[in-house]
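Chemist: Here you go, this is structure-v7.pdb (PDB, C-alpha atoms).
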```pdb
ATOM      1  CA  MET A   1       3.505   9.078 -10.712
ATOM      2  CA  ASN A   2       5.780  10.183  -7.865
ATOM      3  CA  VAL A   3       4.816  13.856  -7.678
ATOM      4  CA  ILE A   4       3.762  15.890  -4.648
ATOM      5  CA  LEU A   5       2.349  19.365  -5.248
ATOM      6  CA  THR A   6       2.207  21.586  -2.159
ATOM      7  CA  SER A   7       1.874  25.172  -0.962
ATOM      8  CA  CYS A   8       4.605  24.911   1.672
ATOM      9  CA  GLY A   9       6.642  21.796   1.011
ATOM     10  CA  LEU A  10       6.997  18.878   3.386
ATOM     11  CA  ASP A  11       5.554  20.839   6.313
ATOM     12  CA  THR A  12       3.322  18.175   7.818
ATOM     13  CA  LYS A  13       4.106  14.656   8.953
ATOM     14  CA  ARG A  14       1.538  13.264   6.493
ATOM     15  CA  ILE A  15       3.123  15.051   3.519
ATOM     16  CA  ALA A  16       6.682  14.191   4.613
ATOM     17  CA  ASP A  17       5.645  10.549   5.086
ATOM     18  CA  ALA A  18       4.087  10.460   1.599
ATOM     19  CA  PHE A  19       7.397  11.740   0.219
ATOM     20  CA  THR A  20       9.582   9.239   2.081
ATOM     21  CA  GLU A  21       7.285   6.375   1.026
ATOM     22  CA  MET A  22       8.121   7.241  -2.601
ATOM     23  CA  LEU A  23      11.877   6.996  -2.093
ATOM     24  CA  PRO A  24      13.400   3.998  -3.913
ATOM     25  CA  LYS A  25      16.257   3.618  -1.416
ATOM     26  CA  PRO A  26      17.254   4.868   2.041
ATOM     27  CA  PRO A  27      17.116   8.689   2.330
ATOM     28  CA  SER A  28      20.861   8.852   3.071
ATOM     29  CA  GLU A  29      21.497   7.460  -0.432
ATOM     30  CA  ILE A  30      19.070   9.770  -2.267
ATOM     31  CA  LYS A  31      20.484  12.373  -4.661
ATOM     32  CA  ALA A  32      18.343  15.500  -4.919
ATOM     33  CA  MET A  33      18.272  18.397  -7.362
ATOM     34  CA  PHE A  34      17.179  21.582  -5.554
ATOM     35  CA  ILE A  35      15.807  24.288  -7.875
ATOM     36  CA  PRO A  36      15.454  27.761  -6.278
ATOM     37  CA  THR A  37      14.970  29.585  -9.615
ATOM     38  CA  ALA A  38      11.486  30.962  -8.824
ATOM     39  CA  ALA A  39      12.752  32.699  -5.670
ATOM     40  CA  ILE A  40      13.398  36.134  -7.192
ATOM     41  CA  PHE A  41      11.633  38.177  -4.495
ATOM     42  CA  PRO A  42      12.861  38.723  -0.914
ATOM     43  CA  ASP A  43       9.996  36.823   0.736
ATOM     44  CA  ALA A  44      10.599  33.768  -1.496
ATOM     45  CA  ILE A  45      14.362  33.962  -0.937
ATOM     46  CA  ASP A  46      13.744  34.005   2.829
ATOM     47  CA  VAL A  47      11.952  30.638   2.559
ATOM     48  CA  LEU A  48      14.780  28.836   0.731
ATOM     49  CA  PRO A  49      16.527  27.596   3.915
ATOM     50  CA  LYS A  50      13.220  26.063   5.064
ATOM     51  CA  CYS A  51      12.824  24.344   1.694
ATOM     52  CA  LEU A  52      16.346  22.963   1.854
ATOM     53  CA  ASN A  53      15.620  21.745   5.365
ATOM     54  CA  ASP A  54      12.627  19.766   4.008
ATOM     55  CA  LEU A  55      15.091  17.466   2.261
ATOM     56  CA  ARG A  56      17.502  17.334   5.188
ATOM     57  CA  SER A  57      14.779  16.546   7.715
ATOM     58  CA  CYS A  58      13.774  13.521   5.631
ATOM     59  CA  GLY A  59      17.325  12.176   5.914
ATOM     60  CA  ILE A  60      18.859  13.374   2.642
ATOM     61  CA  LYS A  61      22.505  14.312   3.187
ATOM     62  CA  ASP A  62      23.805  17.785   2.320
ATOM     63  CA  GLU A  63      26.459  16.330   0.060
ATOM     64  CA  ASN A  64      23.702  14.615  -1.952
ATOM     65  CA  ILE A  65      21.771  17.851  -2.624
ATOM     66  CA  SER A  66      22.773  19.884  -5.693
ATOM     67  CA  VAL A  67      21.455  23.339  -6.526
ATOM     68  CA  TYR A  68      20.462  23.898 -10.137
ATOM     69  CA  ASP A  69      19.327  27.395 -11.142
ATOM     70  CA  LEU A  70      17.886  26.778 -14.639
ATOM     71  CA  HIS A  71      20.155  29.420 -16.177
ATOM     72  CA  ASN A  72      22.300  26.849 -17.944
ATOM     73  CA  GLU A  73      21.210  23.860 -19.971
ATOM     74  CA  PHE A  74      21.143  20.573 -18.100
ATOM     75  CA  GLY A  75      22.717  18.334 -20.710
ATOM     76  CA  GLN A  76      21.720  14.840 -19.653
ATOM     77  CA  PRO A  77      18.660  12.992 -18.412
ATOM     78  CA  ILE A  78      17.897  13.939 -14.808
ATOM     79  CA  LYS A  79      17.467  10.283 -13.810
ATOM     80  CA  ASP A  80      21.108   9.616 -14.675
ATOM     81  CA  ILE A  81      22.127  11.604 -11.577
ATOM     82  CA  TYR A  82      19.137  12.364  -9.342
ATOM     83  CA  ASP A  83      16.296  10.562  -7.577
ATOM     84  CA  VAL A  84      14.411  13.706  -6.505
ATOM     85  CA  VAL A  85      13.745  17.145  -7.975
ATOM     86  CA  TYR A  86      12.570  19.817  -5.501
ATOM     87  CA  LEU A  87      11.090  22.951  -7.126
ATOM     88  CA  CYS A  88      10.896  25.944  -4.765
ATOM     89  CA  GLY A  89       8.308  28.707  -4.786
ATOM     90  CA  GLY A  90       8.402  32.306  -5.928
ATOM     91  CA  ASP A  91       7.468  33.748  -9.322
ATOM     92  CA  THR A  92       5.533  31.121 -11.304
ATOM     93  CA  LYS A  93       5.775  32.861 -14.684
ATOM     94  CA  TYR A  94       9.529  33.315 -14.331
ATOM     95  CA  LEU A  95      10.055  29.687 -13.288
ATOM     96  CA  LEU A  96       7.967  28.321 -16.154
ATOM     97  CA  LYS A  97       9.729  30.608 -18.646
ATOM     98  CA  ARG A  98      13.169  29.377 -17.497
ATOM     99  CA  ILE A  99      12.023  25.743 -17.621
ATOM    100  CA  ASN A 100      10.691  26.076 -21.154
ATOM    101  CA  GLU A 101      13.597  28.170 -22.469
ATOM    102  CA  GLN A 102      16.161  25.668 -21.184
ATOM    103  CA  GLY A 103      14.285  22.655 -22.549
ATOM    104  CA  PHE A 104      13.959  21.448 -18.979
ATOM    105  CA  ASN A 105      10.212  20.890 -19.470
ATOM    106  CA  GLN A 106      10.716  17.674 -21.425
ATOM    107  CA  LYS A 107      13.559  16.567 -19.156
ATOM    108  CA  ILE A 108      11.416  16.836 -16.032
ATOM    109  CA  LEU A 109       8.437  15.141 -17.697
ATOM    110  CA  ASP A 110      10.736  12.294 -18.825
ATOM    111  CA  PHE A 111      12.101  12.111 -15.274
ATOM    112  CA  ILE A 112       8.563  11.816 -13.887
ATOM    113  CA  SER A 113       7.492   9.202 -16.445
ATOM    114  CA  GLY A 114      10.628   7.211 -15.573
ATOM    115  CA  GLY A 115       9.640   7.066 -11.891
ATOM    116  CA  GLY A 116      11.567  10.114 -10.652
ATOM    117  CA  ILE A 117      10.206  11.939  -7.615
ATOM    118  CA  VAL A 118       9.205  15.613  -7.822
ATOM    119  CA  VAL A 119       8.206  17.940  -4.994
ATOM    120  CA  GLY A 120       6.613  21.217  -6.014
ATOM    121  CA  VAL A 121       6.275  24.105  -3.587
ATOM    122  CA  SER A 122       3.907  26.994  -4.400
ATOM    123  CA  ALA A 123       5.114  28.250  -7.827
ATOM    124  CA  GLY A 124       6.926  24.923  -8.181
ATOM    125  CA  SER A 125       3.494  23.273  -7.985
ATOM    126  CA  ILE A 126       1.537  25.732 -10.119
ATOM    127  CA  ILE A 127       3.782  25.089 -13.148
ATOM    128  CA  PHE A 128       2.182  21.629 -13.387
ATOM    129  CA  ALA A 129      -1.381  23.036 -13.426
ATOM    130  CA  ASN A 130      -3.492  24.769 -16.055
ATOM    131  CA  ASN A 131      -2.898  28.285 -14.666
ATOM    132  CA  LEU A 132      -0.536  29.440 -17.434
ATOM    133  CA  PRO A 133       0.030  28.637 -21.098
ATOM    134  CA  ASP A 134       2.821  26.159 -21.839
ATOM    135  CA  ASN A 135       2.496  24.624 -18.358
ATOM    136  CA  LEU A 136       3.797  21.121 -17.641
ATOM    137  CA  GLY A 137       0.314  19.634 -17.879
ATOM    138  CA  LEU A 138       0.017  17.172 -15.007
ATOM    139  CA  LEU A 139      -3.202  18.831 -13.798
ATOM    140  CA  LYS A 140      -6.049  19.681 -16.174
ATOM    141  CA  CYS A 141      -7.341  22.234 -13.668
ATOM    142  CA  SER A 142      -5.840  25.400 -12.276
ATOM    143  CA  LEU A 143      -4.244  25.338  -8.835
ATOM    144  CA  GLY A 144      -4.446  27.797  -5.974
ATOM    145  CA  VAL A 145      -1.862  27.715  -3.184
ATOM    146  CA  HIS A 146      -1.672  29.243   0.304
ATOM    147  CA  CYS A 147      -5.475  29.247   0.507
ATOM    148  CA  LYS A 148      -7.366  29.801   3.727
ATOM    149  CA  GLU A 149      -8.648  26.642   5.398
ATOM    150  CA  ASP A 150     -12.298  27.565   4.687
ATOM    151  CA  ASN A 151     -11.587  27.923   0.945
ATOM    152  CA  CYS A 152      -9.411  24.869   0.347
ATOM    153  CA  ALA A 153     -10.142  21.588  -1.396
ATOM    154  CA  LYS A 154     -11.684  18.760   0.548
ATOM    155  CA  THR A 155      -9.310  15.879   1.160
ATOM    156  CA  GLY A 156     -10.040  12.850  -0.944
ATOM    157  CA  VAL A 157      -9.835  11.378  -4.419
ATOM    158  CA  TYR A 158     -10.634  13.336  -7.583
ATOM    159  CA  PRO A 159     -10.720  12.116 -11.193
ATOM    160  CA  LYS A 160      -7.436  12.523 -13.079
ATOM    161  CA  ASP A 161      -9.123  14.867 -15.571
ATOM    162  CA  TRP A 162     -10.663  17.098 -12.839
ATOM    163  CA  GLN A 163     -11.150  20.579 -14.297
ATOM    164  CA  GLU A 164     -12.442  22.710 -11.426
ATOM    165  CA  LYS A 165      -9.795  24.742  -9.624
ATOM    166  CA  ILE A 166      -8.169  23.026  -6.645
ATOM    167  CA  ASN A 167      -7.184  25.311  -3.773
ATOM    168  CA  LEU A 168      -4.566  23.967  -1.377
ATOM    169  CA  SER A 169      -4.060  25.213   2.151
ATOM    170  CA  ASN A 170      -0.547  25.382   3.565
ATOM    171  CA  ARG A 171      -1.117  21.957   5.156
ATOM    172  CA  GLN A 172      -2.348  20.110   2.055
ATOM    173  CA  ALA A 173      -0.768  18.385  -0.928
ATOM    174  CA  ILE A 174      -1.771  16.704  -4.152
ATOM    175  CA  LEU A 175      -0.544  13.190  -4.915
ATOM    176  CA  PHE A 176      -1.143  11.310  -8.158
ATOM    177  CA  GLN A 177      -2.447   7.795  -8.535
ATOM    178  CA  GLU A 178      -2.915   5.930 -11.792
ATOM    179  CA  ASN A 179      -6.341   7.343 -12.633
ATOM    180  CA  SER A 180      -6.854   9.960  -9.937
ATOM    181  CA  ILE A 181      -5.613  12.958  -8.023
ATOM    182  CA  VAL A 182      -5.536  12.679  -4.226
ATOM    183  CA  VAL A 183      -5.651  15.675  -1.888
ATOM    184  CA  ILE A 184      -4.101  14.854   1.481
ATOM    185  CA  GLN A 185      -3.771  16.813   4.709
TER
END
```
Rewrite the coordinates I just gave you, this time as structure tokens.

Modeler:
Amino acid sequence: MNVILTSCGLDTKRIADAFTEMLPKPPSEIKAMFIPTAAIFPDAIDVLPKCLNDLRSCGIKDENISVYDLHNEFGQPIKDIYDVVYLCGGDTKYLLKRINEQGFNQKILDFISGGGIVVGVSAGSIIFANNLPDNLGLLKCSLGVHCKEDNCAKTGVYPKDWQEKINLSNRQAILFQENSIVVIQ
């Protein structure tokens, strides 16, 4: 499963490298869907340029990045157009509500099961965890983001069905392997 769940995006070399290793073709050929929908508060809006720069700094061209706001139905399978979906942070409940109301929940899960790459940032990560009802269900546990270093998860491999809360610092990410969850830093 090509999913990276983070607090702050592709902020570290290790996380950015994990992302680029997932890419099925050169970054300059990658088509990315950028979803800023959760950014409904000023502090989250202020971070959007940094999030967009995550994709650019990995070599994805501006003309290959499309913004999708989840206020209109996306009528076709994501994989027909995009290689990557980048979900920005902000209000988790609002983001999950928009995803479910637009039927985007099944589209993104189909995209993931078909090998599509997803990057979640903060709220864009929490929607995949067990924090809220009707979540996207990739994690059986709840997820904390932006946690202090002394309260974050230890790096390493966890069982896929791990149920204790995982707290990520701003320099950590969760990757998925066949039967496990991997916390990297």

Chemist: Can you tell me how far atom CA of A:Cys88 sits from atom CA of A:Trp162, in Å to one decimal?

Modeler: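 Value for the atom CA of A:Cys88-atom CA of A:Trp162 distance: 24.7 Å.
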
Chemist: Just checking: using all atoms listed in the file, which residue out of A:Lys154, A:Lys13, A:Lys93, A:Lys140 ends up closest to A:Ile127?

Modeler: A:Lys93

Chemist: When distances are computed from only C-alpha atoms, which of A:Lys160, A:Lys31, A:Arg14, A:Lys79 shows the smallest separation from A:Ser66?

Modeler: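 Distance minimum relative to A:Ser66 lands on A:Lys31.
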
Chemist: Since I can't run it myself right now, could you work out what the PyMOL selection byres ((chain A and resi 49-56) around 12) selects here and report it as number ranges by chain?

Modeler: A: 6-13, 15-17, 19-20, 23, 27-28, 30-36, 39, 43-48, 57-67, 84-90, 118-122, 124

Chemist: How would you write, as an MDAnalysis selection string, the residues chosen by the PyMOL selection byres ((chain A and resi 155) around 9) on this structure?

Modeler: chainID A and resid 153:154 156:157 172 182:185

Chemist: Excluding A:Lys148 and its own-chain neighbours fewer than 2 positions away, which residues fall within 12 Å of it when counting all atoms listed in the file? Please give them as a PyMOL selection string.

Modeler: chain A and resi 7+144-146+150-153+167-172

Chemist: Mind giving me the straight-line distance from atom CA of A:Ile78 to atom CA of A:Tyr158 in Å, one decimal?

Modeler: 29.4 Å

Chemist: Let me know the residues the PyMOL selection byres ((chain A and resi 142) around 8) catches in the file above, as an NGL selection string.

Modeler: :A and (126 or 129-131 or 139-141 or 143-144 or 163-166)

Chemist: How far is it from atom CA of A:Ala18 to atom CA of A:Asp134, in Å with one decimal?

Modeler: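 Those two atoms sit 28.2 Å apart.
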
Chemist: Counting only C-alpha atoms, which residue out of A:Pro159, A:Tyr82, A:Ile99, A:Pro77 sits closest to A:Ile117?

Modeler: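 Closest residue, counting only C-alpha atoms: A:Tyr82.
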
Chemist: Go through A:Leu96, A:Leu132, A:Leu109, A:Met1 one by one, measure the shortest atom-to-atom distance of each to A:Glu178 using only C-alpha atoms, and give the residue with the smallest value.

Modeler: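 For A:Glu178, the nearest of the candidates is A:Met1.
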
Chemist: Need to verify the contact set: A:Asp110, 12 Å, only C-alpha atoms, exclusion of same-chain residues closer than 2 positions in sequence. Can you return it as number ranges by chain?

Modeler: A: 1, 76-80, 103-108, 112-118, 136

Chemist: Nearest residue to A:Tyr68 out of A:Ile174, A:Ala38, A:Val3, A:Ile181, using all atoms listed in the file?

Modeler: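 Nearest candidate to A:Tyr68 out of A:Ile174, A:Ala38, A:Val3, A:Ile181: A:Ala38.
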
Chemist: Give the centre and edge lengths of an axis-aligned box, in Å to one decimal, that holds all listed atoms of stretch 66-71 of chain A with 4 Å on each side, as JSON.

Modeler:
```
{"center_x": 20.3, "center_y": 24.7, "center_z": -10.9, "size_x": 12.9, "size_y": 17.5, "size_z": 18.5}
```
